[in-house]
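See below for input-v5.tsv, which holds TSV, C-alpha atoms.
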chain	number	residue	atom	x	y	z
A	1	MET	CA	90.89	32.67	2.72
A	2	TYR	CA	90.22	34.05	6.20
A	3	GLU	CA	90.35	37.67	7.25
A	4	SER	CA	92.45	36.64	10.25
A	5	ILE	CA	94.17	33.59	11.73
A	6	VAL	CA	95.03	33.29	15.43
A	7	ILE	CA	97.83	30.88	16.34
A	8	GLY	CA	97.41	29.63	19.89
A	9	ALA	CA	94.34	29.14	22.09
A	10	GLY	CA	95.68	30.23	25.46
A	11	GLN	CA	94.55	33.32	27.36
A	12	ALA	CA	95.83	35.75	24.73
A	13	GLY	CA	94.54	33.78	21.75
A	14	LEU	CA	91.05	33.29	23.19
A	15	SER	CA	90.79	36.95	24.12
A	16	ALA	CA	91.76	37.92	20.57
A	17	ALA	CA	89.24	35.42	19.16
A	18	TYR	CA	86.42	36.81	21.29
A	19	HIS	CA	87.06	40.37	20.15
A	20	LEU	CA	87.50	39.36	16.49
A	21	GLN	CA	84.13	37.64	16.67
A	22	ARG	CA	82.49	40.72	18.17
A	23	ARG	CA	83.85	42.78	15.29
A	24	GLY	CA	82.46	40.39	12.69
A	25	VAL	CA	85.86	39.27	11.43
A	26	ASP	CA	86.02	35.91	9.62
A	27	PHE	CA	88.77	33.97	11.41
A	28	ILE	CA	90.01	30.63	12.72
A	29	VAL	CA	92.14	29.71	15.75
A	30	LEU	CA	94.81	27.03	15.31
A	31	ASP	CA	96.14	25.39	18.48
A	32	ALA	CA	98.75	22.64	18.83
A	33	ASN	CA	97.35	21.22	22.07
A	34	PRO	CA	94.97	18.25	21.90
A	35	GLY	CA	92.28	20.11	23.82
A	36	PRO	CA	91.44	23.38	25.60
A	37	GLY	CA	93.67	24.80	28.31
A	38	GLY	CA	96.65	26.29	26.50
A	39	ALA	CA	99.96	25.70	28.27
A	40	TRP	CA	98.15	25.36	31.58
A	41	GLN	CA	97.03	21.82	30.75
A	42	ASN	CA	100.69	20.75	30.87
A	43	ARG	CA	101.37	22.08	34.38
A	44	TRP	CA	102.08	19.64	37.19
A	45	ASP	CA	99.19	18.49	39.39
A	46	SER	CA	100.80	19.78	42.59
A	47	LEU	CA	100.51	23.32	41.24
A	48	THR	CA	97.13	24.04	42.74
A	49	LEU	CA	94.94	26.97	41.86
A	50	GLY	CA	95.77	28.55	45.22
A	51	ALA	CA	99.52	28.32	44.57
A	52	ALA	CA	99.43	29.53	40.96
A	53	HIS	CA	99.83	33.14	39.89
A	54	HIS	CA	96.47	34.91	39.78
A	55	ILE	CA	94.42	33.87	36.75
A	56	HIS	CA	92.49	36.79	35.32
A	57	PRO	CA	89.15	36.12	33.65
A	58	LEU	CA	88.59	36.08	29.92
A	59	PRO	CA	86.33	38.76	28.38
A	60	ASP	CA	82.65	38.62	29.32
A	61	PHE	CA	83.00	35.36	31.29
A	62	PRO	CA	83.92	35.60	34.99
A	63	LEU	CA	85.99	32.81	36.51
A	64	THR	CA	83.69	31.65	39.29
A	65	GLU	CA	84.87	30.78	42.78
A	66	GLN	CA	86.91	27.59	42.58
A	67	ASP	CA	88.35	25.08	45.02
A	68	SER	CA	91.87	26.45	45.57
A	69	THR	CA	93.22	22.93	46.25
A	70	ARG	CA	92.39	21.66	42.76
A	71	PRO	CA	95.18	21.45	40.15
A	72	ALA	CA	95.36	24.72	38.21
A	73	SER	CA	95.74	22.66	35.02
A	74	ALA	CA	92.29	21.10	35.47
A	75	VAL	CA	90.54	24.33	36.47
A	76	VAL	CA	91.95	26.35	33.57
A	77	ALA	CA	91.34	23.60	31.00
A	78	GLU	CA	87.69	23.42	32.04
A	79	TYR	CA	87.38	27.21	32.03
A	80	TYR	CA	88.94	27.63	28.57
A	81	GLY	CA	86.91	24.74	27.19
A	82	GLU	CA	83.66	26.22	28.43
A	83	TYR	CA	84.69	29.59	27.00
A	84	GLU	CA	85.26	28.11	23.55
A	85	ARG	CA	81.84	26.40	23.67
A	86	ARG	CA	79.90	29.30	25.16
A	87	PHE	CA	81.01	31.76	22.50
A	88	GLN	CA	81.24	29.13	19.73
A	89	LEU	CA	84.77	30.16	18.89
A	90	PRO	CA	86.20	28.46	15.77
A	91	VAL	CA	89.13	26.74	17.49
A	92	ARG	CA	90.85	23.75	15.91
A	93	HIS	CA	92.97	21.78	18.38
A	94	GLY	CA	95.76	19.39	17.47
A	95	ILE	CA	96.97	21.64	14.64
A	96	ASN	CA	100.72	22.17	14.93
A	97	VAL	CA	101.84	25.20	12.92
A	98	GLU	CA	105.19	24.51	11.32
A	99	ARG	CA	105.79	27.58	9.18
A	100	VAL	CA	104.26	30.92	8.19
A	101	THR	CA	105.00	32.73	4.95
A	102	HIS	CA	103.84	36.10	3.63
A	103	GLU	CA	103.56	37.07	0.00
A	104	ASP	CA	101.54	39.72	-1.85
A	105	GLY	CA	99.73	40.70	1.35
A	106	VAL	CA	98.65	37.14	2.18
A	107	PHE	CA	99.79	35.06	5.16
A	108	THR	CA	100.01	31.32	4.54
A	109	VAL	CA	100.08	29.09	7.60
A	110	HIS	CA	101.56	25.64	6.94
A	111	ALA	CA	100.35	23.08	9.46
A	112	GLY	CA	100.38	19.28	9.27
A	113	GLY	CA	99.93	19.05	5.54
A	114	GLU	CA	97.27	21.76	5.48
A	115	GLU	CA	97.54	25.38	4.41
A	116	PHE	CA	95.47	28.24	5.79
A	117	THR	CA	95.56	31.74	4.30
A	118	SER	CA	94.57	35.10	5.73
A	119	ALA	CA	95.02	38.86	5.39
A	120	THR	CA	96.08	39.29	9.04
A	121	LEU	CA	97.79	37.06	11.57
A	122	ILE	CA	97.69	37.16	15.38
A	123	ASN	CA	100.44	35.13	17.00
A	124	ALA	CA	99.64	33.89	20.52
A	125	THR	CA	102.05	30.98	20.93
A	126	GLY	CA	103.55	31.97	24.28
A	127	THR	CA	106.72	30.30	25.57
A	128	TRP	CA	105.91	26.88	27.07
A	129	THR	CA	107.14	24.85	24.10
A	130	ASN	CA	110.52	26.61	24.00
A	131	PRO	CA	112.35	25.91	27.28
A	132	PHE	CA	115.78	27.42	27.84
A	133	TRP	CA	118.52	24.92	28.79
A	134	PRO	CA	121.74	26.68	29.81
A	135	SER	CA	125.12	25.17	29.02
A	136	TYR	CA	127.97	24.63	31.50
A	137	PRO	CA	131.40	23.01	31.26
A	138	GLY	CA	131.48	19.30	32.06
A	139	ARG	CA	128.73	16.72	31.94
A	140	PHE	CA	126.25	15.44	34.50
A	141	ASP	CA	125.13	11.83	33.99
A	142	GLY	CA	122.04	11.79	36.22
A	143	PRO	CA	118.45	12.68	35.32
A	144	GLN	CA	117.76	16.25	34.23
A	145	VAL	CA	114.28	17.78	34.05
A	146	HIS	CA	113.17	21.22	32.87
A	147	THR	CA	110.19	23.06	34.33
A	148	ASN	CA	107.96	21.87	31.48
A	149	GLY	CA	108.90	18.27	32.26
A	150	PHE	CA	108.15	18.49	35.98
A	151	ARG	CA	105.15	16.40	36.98
A	152	SER	CA	105.42	15.83	40.74
A	153	VAL	CA	107.88	15.73	43.62
A	154	GLU	CA	107.75	11.92	43.38
A	155	GLN	CA	110.03	12.20	40.34
A	156	PHE	CA	112.82	13.08	42.77
A	157	ALA	CA	112.00	10.90	45.77
A	158	GLY	CA	115.13	9.84	47.65
A	159	GLN	CA	117.43	12.00	45.54
A	160	ARG	CA	119.58	15.04	46.20
A	161	VAL	CA	118.40	17.65	43.71
A	162	LEU	CA	120.11	20.74	42.34
A	163	VAL	CA	117.48	23.35	41.43
A	164	VAL	CA	118.83	25.94	38.97
A	165	GLY	CA	117.14	29.27	38.30
A	166	ALA	CA	116.31	32.57	39.97
A	167	GLY	CA	112.60	32.75	39.24
A	168	ALA	CA	109.40	32.01	41.10
A	169	SER	CA	109.21	28.47	39.70
A	170	ALA	CA	112.59	27.61	41.26
A	171	THR	CA	111.53	28.80	44.69
A	172	GLN	CA	108.19	26.98	44.45
A	173	PHE	CA	109.94	23.75	43.41
A	174	ILE	CA	112.38	23.97	46.32
A	175	LEU	CA	109.66	24.49	48.90
A	176	ALA	CA	107.55	21.65	47.47
A	177	LEU	CA	110.53	19.27	47.32
A	178	ARG	CA	111.65	20.15	50.84
A	179	ALA	CA	108.10	19.63	52.16
A	180	ALA	CA	108.22	16.12	50.65
A	181	GLY	CA	111.53	15.37	52.37
A	182	VAL	CA	113.70	15.81	49.25
A	183	ASP	CA	117.15	17.32	49.84
A	184	THR	CA	117.79	20.34	47.59
A	185	LEU	CA	120.52	22.77	46.64
A	186	TRP	CA	119.78	26.07	44.92
A	187	SER	CA	121.94	27.71	42.25
A	188	THR	CA	121.46	31.19	40.80
A	189	ARG	CA	123.89	33.10	38.60
A	190	ASN	CA	123.38	36.24	40.67
A	191	ALA	CA	122.11	36.83	44.19
A	192	PRO	CA	118.30	36.33	44.37
A	193	ASP	CA	116.50	39.64	43.83
A	194	TRP	CA	114.17	39.61	46.83
A	195	ARG	CA	111.66	42.48	47.03
A	196	GLU	CA	108.84	43.47	49.31
A	197	VAL	CA	105.34	42.66	48.08
A	198	PRO	CA	104.18	45.85	46.30
A	199	SER	CA	100.98	47.75	46.92
A	200	GLY	CA	99.04	50.01	44.58
A	201	THR	CA	98.78	50.03	40.79
A	202	GLU	CA	101.90	52.09	40.11
A	203	TRP	CA	104.14	49.04	40.47
A	204	GLY	CA	102.36	47.08	37.75
A	205	GLN	CA	102.38	50.08	35.42
A	206	GLU	CA	106.11	50.54	35.94
A	207	VAL	CA	106.78	46.86	35.17
A	208	GLU	CA	104.74	47.14	31.96
A	209	ARG	CA	106.58	50.33	30.99
A	210	GLN	CA	109.98	48.66	31.40
A	211	VAL	CA	108.95	45.64	29.31
A	212	ASN	CA	107.45	47.81	26.57
A	213	GLU	CA	110.66	49.81	26.33
A	214	ARG	CA	112.52	46.63	25.41
A	215	THR	CA	110.04	45.37	22.83
A	216	ARG	CA	109.82	48.77	21.12
A	217	ALA	CA	113.61	48.68	20.81
A	218	GLY	CA	113.58	45.19	19.30
A	219	LEU	CA	115.17	43.61	22.36
A	220	PRO	CA	113.99	40.22	23.63
A	221	PRO	CA	111.72	40.56	26.69
A	222	LYS	CA	113.28	39.86	30.07
A	223	SER	CA	111.96	37.06	32.22
A	224	VAL	CA	109.15	38.05	34.58
A	225	VAL	CA	111.42	37.91	37.61
A	226	GLY	CA	114.01	39.96	35.75
A	227	THR	CA	111.55	42.85	35.94
A	228	THR	CA	109.54	42.16	39.09
A	229	GLY	CA	112.06	40.45	41.34
A	230	LEU	CA	111.16	37.67	43.80
A	231	LEU	CA	108.39	38.75	46.14
A	232	LEU	CA	108.91	38.22	49.87
A	233	THR	CA	105.69	36.43	50.75
A	234	PRO	CA	105.40	34.71	54.14
A	235	ALA	CA	106.21	31.34	52.50
A	236	MET	CA	109.35	32.77	50.91
A	237	ARG	CA	110.48	34.36	54.18
A	238	ALA	CA	110.06	31.02	55.94
A	239	GLY	CA	112.06	29.32	53.20
A	240	ILE	CA	114.90	31.79	53.60
A	241	ALA	CA	114.90	31.40	57.37
A	242	SER	CA	115.08	27.60	57.08
A	243	GLY	CA	118.03	27.78	54.69
A	244	ALA	CA	116.08	26.20	51.83
A	245	LEU	CA	116.00	29.42	49.80
A	246	VAL	CA	119.63	30.39	50.15
A	247	SER	CA	121.49	30.28	46.85
A	248	ARG	CA	124.88	28.60	46.61
A	249	GLY	CA	125.75	30.91	43.73
A	250	ALA	CA	126.59	30.20	40.10
A	251	ILE	CA	127.74	26.89	38.63
A	252	SER	CA	131.39	26.59	37.60
A	253	ARG	CA	131.14	23.12	36.07
A	254	LEU	CA	129.24	19.87	36.19
A	255	GLU	CA	130.65	16.42	36.92
A	256	SER	CA	129.12	12.99	36.38
A	257	ASP	CA	127.58	12.98	39.86
A	258	ALA	CA	128.32	16.43	41.25
A	259	VAL	CA	128.21	20.19	40.78
A	260	VAL	CA	131.08	22.59	41.40
A	261	PHE	CA	130.12	26.16	42.27
A	262	THR	CA	132.13	29.27	41.44
A	263	ASP	CA	133.24	29.56	45.07
A	264	GLY	CA	135.10	26.25	44.55
A	265	SER	CA	132.78	24.11	46.67
A	266	ARG	CA	131.72	20.72	45.30
A	267	GLU	CA	128.45	18.95	46.10
A	268	ARG	CA	127.30	15.48	45.14
A	269	ILE	CA	123.88	15.45	43.44
A	270	ASP	CA	121.54	12.85	41.99
A	271	ALA	CA	119.41	15.02	39.67
A	272	ILE	CA	119.06	18.52	38.24
A	273	LEU	CA	115.83	20.47	37.94
A	274	TRP	CA	116.34	23.30	35.46
A	275	ALA	CA	113.92	26.12	36.36
A	276	THR	CA	115.71	28.37	33.89
A	277	GLY	CA	112.77	29.82	32.06
A	278	PHE	CA	111.61	29.92	28.47
A	279	ARG	CA	112.03	31.83	25.26
A	280	HIS	CA	109.13	32.89	23.07
A	281	ALA	CA	108.02	30.11	20.70
A	282	HIS	CA	108.52	31.86	17.37
A	283	ARG	CA	110.33	29.18	15.36
A	284	HIS	CA	107.41	28.95	12.94
A	285	LEU	CA	107.84	32.66	12.11
A	286	ARG	CA	111.48	32.52	11.04
A	287	SER	CA	110.76	32.89	7.33
A	288	LEU	CA	109.10	36.26	8.04
A	289	LYS	CA	112.50	37.63	9.14
A	290	LEU	CA	111.04	39.78	11.93
A	291	HIS	CA	113.73	39.23	14.54
A	292	THR	CA	116.31	41.95	15.10
A	293	PRO	CA	120.03	41.16	15.51
A	294	ALA	CA	119.41	41.40	19.27
A	295	GLY	CA	116.84	38.61	19.05
A	296	GLY	CA	113.64	40.54	19.71
A	297	ILE	CA	110.77	41.69	17.51
A	298	MET	CA	110.06	45.37	17.10
A	299	VAL	CA	106.53	46.11	18.29
A	300	ALA	CA	104.66	49.40	17.88
A	301	ASP	CA	103.51	51.64	20.72
A	302	ASP	CA	100.20	49.74	20.88
A	303	GLY	CA	102.18	46.75	22.18
A	304	VAL	CA	100.81	44.31	19.58
A	305	SER	CA	101.56	45.46	16.01
A	306	ALA	CA	104.74	44.23	14.31
A	307	LEU	CA	106.53	47.31	13.00
A	308	GLU	CA	108.18	45.48	10.13
A	309	LEU	CA	105.13	43.63	8.81
A	310	PRO	CA	101.70	45.32	8.54
A	311	GLY	CA	98.88	42.93	9.38
A	312	MET	CA	101.01	40.93	11.84
A	313	PHE	CA	100.19	41.13	15.55
A	314	PHE	CA	101.65	39.64	18.72
A	315	VAL	CA	99.77	38.85	21.93
A	316	GLY	CA	101.21	37.22	25.02
A	317	TYR	CA	104.55	38.77	24.05
A	318	GLY	CA	106.51	41.18	26.22
A	319	ALA	CA	104.27	43.07	28.64
A	320	SER	CA	101.24	40.96	27.67
A	321	ALA	CA	102.80	37.68	28.85
A	322	SER	CA	100.71	37.67	32.07
A	323	THR	CA	97.09	36.50	32.00
A	324	LEU	CA	95.89	40.07	32.65
A	325	GLY	CA	98.20	41.51	30.00
A	326	ALA	CA	97.24	38.77	27.55
A	327	THR	CA	93.53	39.54	27.90
A	328	ARG	CA	94.11	43.22	27.24
A	329	ALA	CA	96.47	42.54	24.33
A	330	GLY	CA	93.90	40.26	22.71
A	331	ARG	CA	91.43	43.13	22.60
A	332	ARG	CA	94.02	45.54	21.17
A	333	ALA	CA	95.17	43.07	18.53
A	334	ALA	CA	91.62	42.32	17.40
A	335	ALA	CA	90.87	46.04	17.13
A	336	ALA	CA	94.09	46.63	15.20
A	337	ALA	CA	93.39	43.71	12.86
A	338	ALA	CA	89.85	44.94	12.19
A	339	LYS	CA	91.18	48.42	11.45
A	340	PHE	CA	93.77	46.99	9.08
A	341	LEU	CA	91.10	45.00	7.25
A	342	THR	CA	88.98	48.11	6.62
A	343	ALA	CA	91.97	49.72	4.93
A	344	VAL	CA	92.97	46.58	3.02
A	345	PRO	CA	89.76	44.60	2.30
A	346	VAL	CA	90.10	40.86	1.65
Spell out the structure here as structure tokens.
Amino acid sequence: MYESIVIGAGQAGLSAAYHLQRRGVDFIVLDANPGPGGAWQNRWDSLTLGAAHHIHPLPDFPLTEQDSTRPASAVVAEYYGEYERRFQLPVRHGINVERVTHEDGVFTVHAGGEEFTSATLINATGTWTNPFWPSYPGRFDGPQVHTNGFRSVEQFAGQRVLVVGAGASATQFILALRAAGVDTLWSTRNAPDWREVPSGTEWGQEVERQVNERTRAGLPPKSVVGTTGLLLTPAMRAGIASGALVSRGAISRLESDAVVFTDGSRERIDAILWATGFRHAHRHLRSLKLHTPAGGIMVADDGVSALELPGMFFVGYGASASTLGATRAGRRAAAAAAKFLTAVPV
């Protein structure tokens, strides 16, 4: 029996592992991916390091200057892999956690025919494996791809593509597709929430405050863009000016080879790219009955402790979904787990 188990070896999970190790906690990290890199290893090659959101370093291991034209997936996989080796973290890859139970103060993690037990559990599974596919009246018969199935613009060569979603991924897809000569249409349920690029630290603190308010109330976290808006970078301004980043509005219905918008207009399309975001990957935690009727999980003021289950911690959830937030949450969760263990020895 371990003192702690970490599920997920992305930014949040590795940060938690580092701090557990520093505190002398006996633990193991279980990760479903075949190798290091977390969800980043599944990102498309055209998402270069320079185009990706800023990647904050893991504890005590700076991310050295990198070629910004390299795929972010390769850079992060190498970085995470070296981190695991450098600090000799006990990470087991290729272990898909199917279910977690809790009885008499012991967590049992069921994974691929194996069972792992511990006194505390740190969940760091993120969202990548749980894409959100919205439903609309009608049926489209052409190819449909979600963000986590996007590999390159070549998937859509010679096609007219409807890109659905109001987040940063949707805008990045549209600009990349247009640059490759692919005709695109953009659909958002509401008008895009364009905002000026912020300055100062107050903005980030306000975003974190808003997200924490929701998680403390047991509400599911909003998408990143739902809190931050779409930032008006020079590339985005150029996209708006060209007409590429002008939304046609919400979808009324789909047809076999077309989309009908709520304004009544109909457009023929060959494919749909659903950039409609993700939900937190918590299916393996259902038996713990932590979700509120609203669909969220009530988290304490520390941002990591599950209110309804002592010894259970969440990182990469809510305000800690960014790489910076995940790193900080990993430290807090490890400290909270160590404190719990002193009160309830294994």
**Complete:** A:Trp40 proximity check over A:Val106, A:Ala275, A:Ala77, A:Ile122, using all atoms listed in the file: winner is A:Ala77
**Asked** From the set A:Gly112, A:Gly243, A:Pro36, A:Pro137, which residue has the shortest atom-to-atom contact distance to A:Glu82, counting all atoms listed in the file?
**Response**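 Of A:Gly112, A:Gly243, A:Pro36, A:Pro137, the one nearest A:Glu82 is A:Pro36, counting all atoms listed in the file.
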**Prompt:** So how many Å separate atom CA of A:Asp270 and atom CA of A:Ser256, to one decimal?
**Reply:**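 Interatomic distance here is 9.4 Å.
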**Request:** Within 6 Å of A:Leu30, counting all atoms listed in the file, which residues show up once you throw out same-chain ones fewer than 6 positions away? Write them as a list in words, please.
**Result:** Ile7, Gly8, Arg92 and Ile95 of chain A
Print the selection's residues with C-alpha atoms to a file, as a PDB file, in the frame of the given file.
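For reference, selection20.pdb as written:
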ATOM      1  CA  ILE A   7      97.830  30.880  16.340  1.00  0.00           C
ATOM      2  CA  GLY A   8      97.410  29.630  19.890  1.00  0.00           C
ATOM      3  CA  ARG A  92      90.850  23.750  15.910  1.00  0.00           C
ATOM      4  CA  ILE A  95      96.970  21.640  14.640  1.00  0.00           C
TER       5      ILE A  95
END
**Asked** Separation of atom CA of A:His19 and atom CA of A:Pro62, in Å?
**Response**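 Taking atom CA of A:His19 as the start and atom CA of A:Pro62 as the end point, the length is 15.9 Å.
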**Message:** So the first atom is atom CA of A:Ala32 and the second is atom CA of A:Thr125; what is the distance between them in Å, to one decimal place?
**Reply:** 9.2 Å
**Prompt:** Any idea what's packed within 9 Å of A:Arg331, counting only C-alpha atoms, ignoring anything in its chain fewer than 5 positions away? Could you give it as a list in words?
**Reply:**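 Close residues of A:Arg331: Ala12, Ser15, Ala16, Ala17, Tyr18, His19, Leu20, Pro59, Ala326 and Ala336 of chain A.
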**Item:** A:Phe340 environment, 10 Å, all atoms listed in the file, sequence neighbours closer than 5 positions dropped, as a list of chain:residue names
**Value:** A:Ala119, A:Thr120, A:Pro310, A:Gly311, A:Met312, A:Ala334, A:Ala335, A:Pro345
Any chance you can output those residues with C-alpha atoms as an mmCIF file, in the frame of the given file?
data_model
loop_
_atom_site.group_PDB
_atom_site.id
_atom_site.type_symbol
_atom_site.label_atom_id
_atom_site.label_comp_id
_atom_site.auth_asym_id
_atom_site.auth_seq_id
_atom_site.Cartn_x
_atom_site.Cartn_y
_atom_site.Cartn_z
ATOM 1 C CA ALA A 119 95.020 38.860 5.390
ATOM 2 C CA THR A 120 96.080 39.290 9.040
ATOM 3 C CA PRO A 310 101.700 45.320 8.540
ATOM 4 C CA GLY A 311 98.880 42.930 9.380
ATOM 5 C CA MET A 312 101.010 40.930 11.840
ATOM 6 C CA ALA A 334 91.620 42.320 17.400
ATOM 7 C CA ALA A 335 90.870 46.040 17.130
ATOM 8 C CA PRO A 345 89.760 44.600 2.300
#
Could you rebuild stretch 125-152 of chain A with N, CA and C atoms and give me the result as a compact mmCIF listing (two decimals), in the coordinates of the input?
# COMPACT_ATOMS: atom_id res chain seq x y z
N THR A 125 101.46 32.29 20.62
CA THR A 125 102.05 30.98 20.93
C THR A 125 102.78 30.90 22.26
N GLY A 126 102.95 32.03 22.95
CA GLY A 126 103.55 31.97 24.28
C GLY A 126 104.98 31.45 24.29
N THR A 127 105.33 30.73 25.38
CA THR A 127 106.72 30.30 25.57
C THR A 127 106.87 28.84 25.97
N TRP A 128 105.82 28.18 26.40
CA TRP A 128 105.91 26.88 27.07
C TRP A 128 106.65 25.83 26.25
N THR A 129 106.52 25.88 24.95
CA THR A 129 107.14 24.85 24.10
C THR A 129 108.60 25.16 23.75
N ASN A 130 109.14 26.23 24.32
CA ASN A 130 110.52 26.61 24.00
C ASN A 130 111.33 26.83 25.28
N PRO A 131 111.59 25.76 26.03
CA PRO A 131 112.35 25.91 27.28
C PRO A 131 113.81 26.27 27.03
N PHE A 132 114.38 27.03 27.95
CA PHE A 132 115.78 27.42 27.84
C PHE A 132 116.63 26.50 28.72
N TRP A 133 117.58 25.80 28.09
CA TRP A 133 118.52 24.92 28.79
C TRP A 133 119.90 25.57 28.74
N PRO A 134 120.41 26.07 29.84
CA PRO A 134 121.74 26.68 29.81
C PRO A 134 122.82 25.62 29.65
N SER A 135 124.00 26.08 29.23
CA SER A 135 125.12 25.17 29.02
C SER A 135 126.25 25.51 29.99
N TYR A 136 126.84 24.46 30.58
CA TYR A 136 127.97 24.63 31.50
C TYR A 136 129.08 23.65 31.14
N PRO A 137 130.31 23.96 31.50
CA PRO A 137 131.40 23.01 31.26
C PRO A 137 131.15 21.70 32.00
N GLY A 138 131.64 20.61 31.44
CA GLY A 138 131.48 19.30 32.06
C GLY A 138 130.19 18.63 31.65
N ARG A 139 129.94 17.47 32.26
CA ARG A 139 128.73 16.72 31.94
C ARG A 139 128.22 16.01 33.19
N PHE A 140 126.91 16.13 33.39
CA PHE A 140 126.25 15.44 34.50
C PHE A 140 125.51 14.23 33.93
N ASP A 141 125.69 13.06 34.55
CA ASP A 141 125.13 11.83 33.99
C ASP A 141 123.78 11.43 34.58
N GLY A 142 123.32 12.14 35.60
CA GLY A 142 122.04 11.79 36.22
C GLY A 142 120.86 12.38 35.48
N PRO A 143 119.65 12.14 35.97
CA PRO A 143 118.45 12.68 35.32
C PRO A 143 118.40 14.20 35.39
N GLN A 144 117.92 14.81 34.30
CA GLN A 144 117.76 16.25 34.23
C GLN A 144 116.37 16.57 33.70
N VAL A 145 115.67 17.45 34.39
CA VAL A 145 114.28 17.78 34.05
C VAL A 145 114.15 19.30 33.99
N HIS A 146 113.48 19.80 32.96
CA HIS A 146 113.17 21.22 32.87
C HIS A 146 111.79 21.46 33.48
N THR A 147 111.49 22.71 33.76
CA THR A 147 110.19 23.06 34.33
C THR A 147 109.03 22.41 33.57
N ASN A 148 109.10 22.42 32.23
CA ASN A 148 107.96 21.87 31.48
C ASN A 148 107.93 20.36 31.46
N GLY A 149 108.93 19.72 32.11
CA GLY A 149 108.90 18.27 32.26
C GLY A 149 108.63 17.83 33.69
N PHE A 150 108.44 18.81 34.58
CA PHE A 150 108.15 18.49 35.98
C PHE A 150 106.70 18.03 36.12
N ARG A 151 106.50 16.92 36.78
CA ARG A 151 105.15 16.40 36.98
C ARG A 151 104.77 16.33 38.46
N SER A 152 105.71 15.90 39.31
CA SER A 152 105.42 15.83 40.74
C SER A 152 106.72 15.65 41.49
